[in-house]
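Below is structure-v2.cif, holding mmCIF, C-alpha atoms.
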```
data_my_file
loop_
_atom_site.group_PDB
_atom_site.id
_atom_site.type_symbol
_atom_site.label_atom_id
_atom_site.label_comp_id
_atom_site.auth_asym_id
_atom_site.auth_seq_id
_atom_site.Cartn_x
_atom_site.Cartn_y
_atom_site.Cartn_z
ATOM 1 C CA MET A 1 93.160 113.865 -65.209
ATOM 2 C CA ASN A 2 91.062 116.828 -64.194
ATOM 3 C CA ILE A 3 89.833 119.678 -66.336
ATOM 4 C CA ILE A 4 92.338 122.165 -64.871
ATOM 5 C CA SER A 5 95.291 120.084 -66.097
ATOM 6 C CA ILE A 6 93.667 119.719 -69.519
ATOM 7 C CA CYS A 7 93.134 123.483 -69.820
ATOM 8 C CA ALA A 8 96.690 124.196 -68.638
ATOM 9 C CA LEU A 9 98.013 121.718 -71.201
ATOM 10 C CA ALA A 10 95.950 123.398 -73.922
ATOM 11 C CA ILE A 11 97.237 126.883 -73.039
ATOM 12 C CA VAL A 12 100.874 125.735 -72.876
ATOM 13 C CA SER A 13 100.661 123.966 -76.222
ATOM 14 C CA CYS A 14 98.878 126.962 -77.736
ATOM 15 C CA VAL A 15 101.762 129.248 -76.691
ATOM 16 C CA LEU A 16 104.365 126.710 -77.903
ATOM 17 C CA SER A 17 102.570 126.350 -81.214
ATOM 18 C CA LEU A 18 102.453 130.126 -81.702
ATOM 19 C CA ALA A 19 106.127 130.434 -80.710
ATOM 20 C CA ILE A 20 107.357 128.141 -83.487
ATOM 21 C CA LYS A 21 104.716 129.086 -86.067
ATOM 22 C CA ARG A 22 106.719 131.922 -87.614
ATOM 23 C CA HIS A 23 109.870 129.841 -88.125
ATOM 24 C CA ASN A 24 108.434 126.394 -88.662
ATOM 25 C CA SER A 25 104.733 126.283 -89.469
ATOM 26 C CA GLU A 26 104.587 122.500 -90.173
ATOM 27 C CA LEU A 27 105.855 121.616 -86.709
ATOM 28 C CA SER A 28 103.458 124.146 -85.169
ATOM 29 C CA VAL A 29 100.574 122.177 -86.707
ATOM 30 C CA LEU A 30 102.093 118.965 -85.322
ATOM 31 C CA VAL A 31 102.271 120.493 -81.820
ATOM 32 C CA SER A 32 98.579 121.379 -81.967
ATOM 33 C CA ILE A 33 97.645 117.902 -83.247
ATOM 34 C CA GLY A 34 99.732 116.325 -80.474
ATOM 35 C CA ALA A 35 97.967 118.420 -77.857
ATOM 36 C CA ALA A 36 94.580 117.432 -79.282
ATOM 37 C CA VAL A 37 95.511 113.734 -79.210
ATOM 38 C CA VAL A 38 96.781 113.917 -75.613
ATOM 39 C CA VAL A 39 93.620 115.740 -74.444
ATOM 40 C CA LEU A 40 91.344 113.214 -76.148
ATOM 41 C CA MET A 41 93.327 110.267 -74.767
ATOM 42 C CA CYS A 42 92.810 111.776 -71.296
ATOM 43 C CA VAL A 43 89.028 111.960 -71.557
ATOM 44 C CA ILE A 44 88.313 108.811 -73.549
ATOM 45 C CA GLN A 45 88.550 106.709 -70.391
ATOM 46 C CA TYR A 46 85.575 108.638 -68.967
ATOM 47 C CA ILE A 47 83.567 107.910 -72.127
ATOM 48 C CA LEU A 48 84.313 104.213 -71.635
ATOM 49 C CA ASP A 49 83.042 104.405 -68.045
ATOM 50 C CA SER A 50 79.864 106.275 -68.960
ATOM 51 C CA MET A 51 79.137 103.888 -71.838
ATOM 52 C CA ASP A 52 78.536 101.003 -69.435
ATOM 53 C CA PHE A 53 76.005 103.143 -67.573
ATOM 54 C CA ILE A 54 74.247 104.175 -70.805
ATOM 55 C CA THR A 55 74.151 100.543 -71.930
ATOM 56 C CA SER A 56 72.516 99.443 -68.681
ATOM 57 C CA LEU A 57 70.047 102.343 -68.894
ATOM 58 C CA LEU A 58 69.073 101.397 -72.454
ATOM 59 C CA ALA A 59 68.749 97.740 -71.433
ATOM 60 C CA LYS A 60 66.269 98.787 -68.722
ATOM 61 C CA ALA A 61 64.359 100.871 -71.284
ATOM 62 C CA ASP A 62 64.003 97.689 -73.378
ATOM 63 C CA VAL A 63 65.925 99.002 -76.393
ATOM 64 C CA SER A 64 67.213 96.152 -78.558
ATOM 65 C CA SER A 65 70.964 95.575 -78.407
ATOM 66 C CA GLU A 66 71.362 95.952 -82.193
ATOM 67 C CA ASN A 67 70.135 99.532 -81.971
ATOM 68 C CA VAL A 68 72.478 100.266 -79.062
ATOM 69 C CA VAL A 69 75.425 98.996 -81.114
ATOM 70 C CA ILE A 70 74.370 101.233 -84.029
ATOM 71 C CA LEU A 71 74.011 104.192 -81.663
ATOM 72 C CA PHE A 72 77.512 103.769 -80.280
ATOM 73 C CA LYS A 73 78.955 103.287 -83.751
ATOM 74 C CA VAL A 74 77.363 106.556 -84.894
ATOM 75 C CA VAL A 75 78.725 108.358 -81.826
ATOM 76 C CA GLY A 76 82.205 106.970 -82.571
ATOM 77 C CA ILE A 77 82.038 108.063 -86.209
ATOM 78 C CA CYS A 78 80.941 111.550 -85.146
ATOM 79 C CA PHE A 79 83.773 111.728 -82.593
ATOM 80 C CA LEU A 80 86.402 110.703 -85.145
ATOM 81 C CA THR A 81 85.044 112.939 -87.904
ATOM 82 C CA GLU A 82 84.809 115.961 -85.624
ATOM 83 C CA PHE A 83 88.412 115.512 -84.472
ATOM 84 C CA THR A 84 89.756 115.108 -88.014
ATOM 85 C CA CYS A 85 87.566 117.901 -89.383
ATOM 86 C CA ASP A 86 88.740 120.428 -86.777
ATOM 87 C CA THR A 87 92.387 119.404 -87.132
ATOM 88 C CA VAL A 88 92.319 119.770 -90.907
ATOM 89 C CA LYS A 89 90.407 123.058 -90.710
ATOM 90 C CA GLU A 90 92.980 124.446 -88.316
ATOM 91 C CA SER A 91 95.775 123.902 -90.818
ATOM 92 C CA GLY A 92 93.840 125.966 -93.356
ATOM 93 C CA LEU A 93 92.376 123.276 -95.612
ATOM 94 C CA HIS A 94 88.699 124.238 -95.396
ATOM 95 C CA ALA A 95 87.622 122.333 -98.503
ATOM 96 C CA LEU A 96 89.125 119.061 -97.285
ATOM 97 C CA SER A 97 87.576 119.617 -93.867
ATOM 98 C CA GLY A 98 84.149 120.079 -95.477
ATOM 99 C CA ASN A 99 84.645 116.913 -97.502
ATOM 100 C CA ILE A 100 85.530 114.952 -94.355
ATOM 101 C CA ALA A 101 82.370 116.272 -92.669
ATOM 102 C CA LEU A 102 80.340 115.193 -95.706
ATOM 103 C CA ALA A 103 81.979 111.752 -95.689
ATOM 104 C CA GLY A 104 81.165 111.414 -91.983
ATOM 105 C CA LYS A 105 77.511 112.289 -92.628
ATOM 106 C CA ILE A 106 77.273 109.722 -95.413
ATOM 107 C CA VAL A 107 78.879 106.998 -93.283
ATOM 108 C CA VAL A 108 76.521 107.834 -90.392
ATOM 109 C CA LEU A 109 73.562 107.560 -92.780
ATOM 110 C CA ILE A 110 74.777 104.176 -94.060
ATOM 111 C CA THR A 111 75.362 102.935 -90.502
ATOM 112 C CA ALA A 112 71.896 104.027 -89.349
ATOM 113 C CA LEU A 113 70.141 102.573 -92.408
ATOM 114 C CA PRO A 114 69.011 99.349 -90.627
ATOM 115 C CA MET A 115 67.120 101.527 -88.107
ATOM 116 C CA PHE A 116 65.361 103.394 -90.936
ATOM 117 C CA THR A 117 64.430 100.066 -92.504
ATOM 118 C CA GLU A 118 62.997 98.926 -89.190
ATOM 119 C CA ILE A 119 60.842 102.069 -88.917
ATOM 120 C CA LEU A 120 59.730 101.645 -92.521
ATOM 121 C CA THR A 121 58.683 98.034 -91.856
ATOM 122 C CA LEU A 122 56.782 99.162 -88.764
ATOM 123 C CA VAL A 123 54.957 101.875 -90.718
ATOM 124 C CA THR A 124 54.158 99.468 -93.558
ATOM 125 C CA ASN A 125 52.717 96.974 -91.092
ATOM 126 C CA LEU A 126 50.606 99.699 -89.456
ATOM 127 C CA VAL A 127 49.242 100.885 -92.803
ATOM 128 C CA ALA A 128 48.562 97.319 -93.946
ATOM 129 C CA GLY A 129 46.800 96.586 -90.638
ATOM 130 C CA GLU A 130 44.099 99.184 -91.273
ATOM 131 C CA MET B 1 100.995 110.675 -69.906
ATOM 132 C CA ASP B 2 102.510 111.905 -73.130
ATOM 133 C CA ILE B 3 102.711 115.614 -72.363
ATOM 134 C CA ASP B 4 106.497 115.399 -72.783
ATOM 135 C CA MET B 5 105.898 114.613 -76.428
ATOM 136 C CA ILE B 6 104.446 118.106 -77.051
ATOM 137 C CA PHE B 7 107.501 119.728 -75.469
ATOM 138 C CA LYS B 8 109.766 117.445 -77.513
ATOM 139 C CA ILE B 9 108.064 118.465 -80.755
ATOM 140 C CA ALA B 10 108.258 122.155 -79.822
ATOM 141 C CA ALA B 11 111.964 121.715 -79.008
ATOM 142 C CA ILE B 12 112.544 120.015 -82.362
ATOM 143 C CA GLY B 13 110.780 122.963 -83.985
ATOM 144 C CA ILE B 14 112.984 125.545 -82.271
ATOM 145 C CA ILE B 15 116.233 123.625 -82.951
ATOM 146 C CA VAL B 16 115.313 123.078 -86.595
ATOM 147 C CA ALA B 17 114.436 126.777 -86.976
ATOM 148 C CA ILE B 18 117.822 127.819 -85.517
ATOM 149 C CA LEU B 19 119.748 125.318 -87.665
ATOM 150 C CA ASN B 20 117.790 126.478 -90.685
ATOM 151 C CA GLN B 21 118.717 130.119 -90.060
ATOM 152 C CA LEU B 22 122.399 129.226 -89.518
ATOM 153 C CA LEU B 23 122.620 127.134 -92.665
ATOM 154 C CA VAL B 24 120.804 129.725 -94.773
ATOM 155 C CA ARG B 25 123.141 132.469 -93.498
ATOM 156 C CA SER B 26 126.216 130.385 -94.383
ATOM 157 C CA GLY B 27 124.859 129.850 -97.893
ATOM 158 C CA ARG B 28 123.817 126.203 -97.634
ATOM 159 C CA GLU B 29 120.173 126.389 -98.681
ATOM 160 C CA GLU B 30 119.973 122.712 -99.714
ATOM 161 C CA GLN B 31 121.174 121.456 -96.334
ATOM 162 C CA ALA B 32 118.781 123.877 -94.626
ATOM 163 C CA LEU B 33 115.886 122.376 -96.580
ATOM 164 C CA LEU B 34 117.054 118.847 -95.732
ATOM 165 C CA THR B 35 117.265 119.766 -92.026
ATOM 166 C CA THR B 36 113.704 121.110 -92.104
ATOM 167 C CA ILE B 37 112.443 117.947 -93.785
ATOM 168 C CA ALA B 38 114.352 115.707 -91.346
ATOM 169 C CA GLY B 39 112.882 117.570 -88.358
ATOM 170 C CA LEU B 40 109.411 117.319 -89.838
ATOM 171 C CA ILE B 41 109.770 113.570 -90.400
ATOM 172 C CA VAL B 42 111.078 112.940 -86.867
ATOM 173 C CA ALA B 43 108.165 114.888 -85.346
ATOM 174 C CA LEU B 44 105.703 113.192 -87.696
ATOM 175 C CA MET B 45 106.930 109.723 -86.689
ATOM 176 C CA MET B 46 106.438 110.682 -83.030
ATOM 177 C CA ILE B 47 102.936 111.972 -83.574
ATOM 178 C CA ILE B 48 101.773 109.188 -85.899
ATOM 179 C CA THR B 49 102.092 106.533 -83.184
ATOM 180 C CA GLN B 50 99.988 108.697 -80.859
ATOM 181 C CA ILE B 51 97.307 109.279 -83.514
ATOM 182 C CA SER B 52 97.295 105.552 -84.228
ATOM 183 C CA ASP B 53 96.814 104.863 -80.495
ATOM 184 C CA LEU B 54 93.913 107.337 -80.342
ATOM 185 C CA PHE B 55 92.202 105.863 -83.400
ATOM 186 C CA LYS B 56 92.665 102.305 -82.077
ATOM 187 C CA THR B 57 91.173 103.338 -78.723
ATOM 188 C CA ILE B 58 88.201 104.987 -80.436
ATOM 189 C CA LYS B 59 87.767 101.889 -82.619
ATOM 190 C CA ASN B 60 87.744 99.582 -79.600
ATOM 191 C CA THR B 61 85.551 101.906 -77.489
ATOM 192 C CA PHE B 62 82.752 102.403 -79.984
ATOM 193 C CA GLY B 63 83.076 99.040 -81.732
ATOM 194 C CA LEU B 64 83.629 100.534 -85.185
#
```

This entry written out as structure tokens:
Amino acid sequence: MNIISICALAIVSCVLSLAIKRHNSELSVLVSIGAAVVVLMCVIQYILDSMDFITSLLAKADVSSENVVILFKVVGICFLTEFTCDTVKESGLHALSGNIALAGKIVVLITALPMFTEILTLVTNLVAGE
Amino acid sequence: MDIDMIFKIAAIGIIVAILNQLLVRSGREEQALLTTIAGLIVALMMIITQISDLFKTIKNTFGL
């Protein structure tokens, strides 16, 4: 699906959402969430394609596969959190949206902790080597 | 592609809004409320499967 169709879909659902907002605000939120899901489902196939390329690139750069897995996990968490955060913010719940963003940051930190430990071990070895 | 789903939800919204107005005008506020809730649940059930699909795809793509 090309970008023109995605933009057209977004504009149509925006108008539909506004049209039913005055009479039925809950369903207007559902229309916008549906549009967001459809758009993301359209582009996620491209992410899958580009991931193979990035994996091969990182393999050539001699990055260990554990770190690549962590990298992709962090990207996935960011993707999911961003989607949820924006959707919740759009329906007016700013506090909940901020909490989701915070939760995403914490989960990213926990996921990337093995990499920090690796760096720490490296630094400790360097200092001990002197 | 599931673009039809967006139109379906918008149509449910319009129909529910009209029914709601009609029932409120004829003095049946309780049935109007029930119609609104029924429409919301139907649309929610449609959208939940899509959200579940998206989350599953993200889970499989990024290996979460």

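Here the PyMOL selection byres ((chain B and resi 49-60) around 8) catches exactly these residues: Gly34, Val37, Leu40, Met41, Ile44, Gly76 and Leu80 of chain A; Met45, Met46, Ile47, Ile48, Thr61, Phe62, Gly63 and Leu64 of chain B.
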
* To do: Just give me the gap between CA of Ile15 in chain B and CA of Leu30 in chain A in Å, one decimal is fine.
  =>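 Interatomic distance, CA of Ile15 in chain B to CA of Leu30 in chain A: 15.1 Å.
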
* Pick from A:Thr124, A:Asn2, A:Thr111, A:Thr87 nearest to Val69 in chain A, counting only C-alpha atoms -> A:Thr111

* **Distance query Val16 in chain B at most 8 Å, only C-alpha atoms, self and fewer than 3 positions along chain excluded, as a list of chain:residue names** => A:Asn24, B:Ile12, B:Gly13, B:Leu19, B:Asn20, B:Thr35, B:Thr36, B:Gly39

* Asked: If we count all atoms listed in the file, which residues of chain A reach to within 10 Å of chain B? Please list them as a PyMOL selection string.
  -> chain A and resi 1+9+12-13+16-17+19-28+30-42+44-45+47-48+51+69-77+79-80

Keeping only C-alpha atoms, take the residues you just selected and write them out as a PDB file, in the frame of the given file.
```pdb
ATOM      1  CA  MET A   1      93.160 113.865 -65.209  1.00  0.00           C
ATOM      2  CA  LEU A   9      98.013 121.718 -71.201  1.00  0.00           C
ATOM      3  CA  VAL A  12     100.874 125.735 -72.876  1.00  0.00           C
ATOM      4  CA  SER A  13     100.661 123.966 -76.222  1.00  0.00           C
ATOM      5  CA  LEU A  16     104.365 126.710 -77.903  1.00  0.00           C
ATOM      6  CA  SER A  17     102.570 126.350 -81.214  1.00  0.00           C
ATOM      7  CA  ALA A  19     106.127 130.434 -80.710  1.00  0.00           C
ATOM      8  CA  ILE A  20     107.357 128.141 -83.487  1.00  0.00           C
ATOM      9  CA  LYS A  21     104.716 129.086 -86.067  1.00  0.00           C
ATOM     10  CA  ARG A  22     106.719 131.922 -87.614  1.00  0.00           C
ATOM     11  CA  HIS A  23     109.870 129.841 -88.125  1.00  0.00           C
ATOM     12  CA  ASN A  24     108.434 126.394 -88.662  1.00  0.00           C
ATOM     13  CA  SER A  25     104.733 126.283 -89.469  1.00  0.00           C
ATOM     14  CA  GLU A  26     104.587 122.500 -90.173  1.00  0.00           C
ATOM     15  CA  LEU A  27     105.855 121.616 -86.709  1.00  0.00           C
ATOM     16  CA  SER A  28     103.458 124.146 -85.169  1.00  0.00           C
ATOM     17  CA  LEU A  30     102.093 118.965 -85.322  1.00  0.00           C
ATOM     18  CA  VAL A  31     102.271 120.493 -81.820  1.00  0.00           C
ATOM     19  CA  SER A  32      98.579 121.379 -81.967  1.00  0.00           C
ATOM     20  CA  ILE A  33      97.645 117.902 -83.247  1.00  0.00           C
ATOM     21  CA  GLY A  34      99.732 116.325 -80.474  1.00  0.00           C
ATOM     22  CA  ALA A  35      97.967 118.420 -77.857  1.00  0.00           C
ATOM     23  CA  ALA A  36      94.580 117.432 -79.282  1.00  0.00           C
ATOM     24  CA  VAL A  37      95.511 113.734 -79.210  1.00  0.00           C
ATOM     25  CA  VAL A  38      96.781 113.917 -75.613  1.00  0.00           C
ATOM     26  CA  VAL A  39      93.620 115.740 -74.444  1.00  0.00           C
ATOM     27  CA  LEU A  40      91.344 113.214 -76.148  1.00  0.00           C
ATOM     28  CA  MET A  41      93.327 110.267 -74.767  1.00  0.00           C
ATOM     29  CA  CYS A  42      92.810 111.776 -71.296  1.00  0.00           C
ATOM     30  CA  ILE A  44      88.313 108.811 -73.549  1.00  0.00           C
ATOM     31  CA  GLN A  45      88.550 106.709 -70.391  1.00  0.00           C
ATOM     32  CA  ILE A  47      83.567 107.910 -72.127  1.00  0.00           C
ATOM     33  CA  LEU A  48      84.313 104.213 -71.635  1.00  0.00           C
ATOM     34  CA  MET A  51      79.137 103.888 -71.838  1.00  0.00           C
ATOM     35  CA  VAL A  69      75.425  98.996 -81.114  1.00  0.00           C
ATOM     36  CA  ILE A  70      74.370 101.233 -84.029  1.00  0.00           C
ATOM     37  CA  LEU A  71      74.011 104.192 -81.663  1.00  0.00           C
ATOM     38  CA  PHE A  72      77.512 103.769 -80.280  1.00  0.00           C
ATOM     39  CA  LYS A  73      78.955 103.287 -83.751  1.00  0.00           C
ATOM     40  CA  VAL A  74      77.363 106.556 -84.894  1.00  0.00           C
ATOM     41  CA  VAL A  75      78.725 108.358 -81.826  1.00  0.00           C
ATOM     42  CA  GLY A  76      82.205 106.970 -82.571  1.00  0.00           C
ATOM     43  CA  ILE A  77      82.038 108.063 -86.209  1.00  0.00           C
ATOM     44  CA  PHE A  79      83.773 111.728 -82.593  1.00  0.00           C
ATOM     45  CA  LEU A  80      86.402 110.703 -85.145  1.00  0.00           C
TER      46      LEU A  80
END
```

Mind giving me the axis-aligned box for range 52-69 of chain A with 4 Å on every side, centre plus edges in Å to one decimal, as AutoDock Vina command-line options?
```
--center_x 71.3 --center_y 99.9 --center_z -74.9 --size_x 22.5 --size_y 16.6 --size_z 22.6
```

* Atomic separation - CA of Cys78 in chain A relative to CA of Ile4 in chain A, Å ->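 Separating CA of Ile4 in chain A from CA of Cys78 in chain A is a distance of 25.6 Å.
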
* Just how far from CA of Glu118 in chain A is CA of Ala61 in chain A, in Å to one decimal? ->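 Distance between the two atoms: 18.1 Å.
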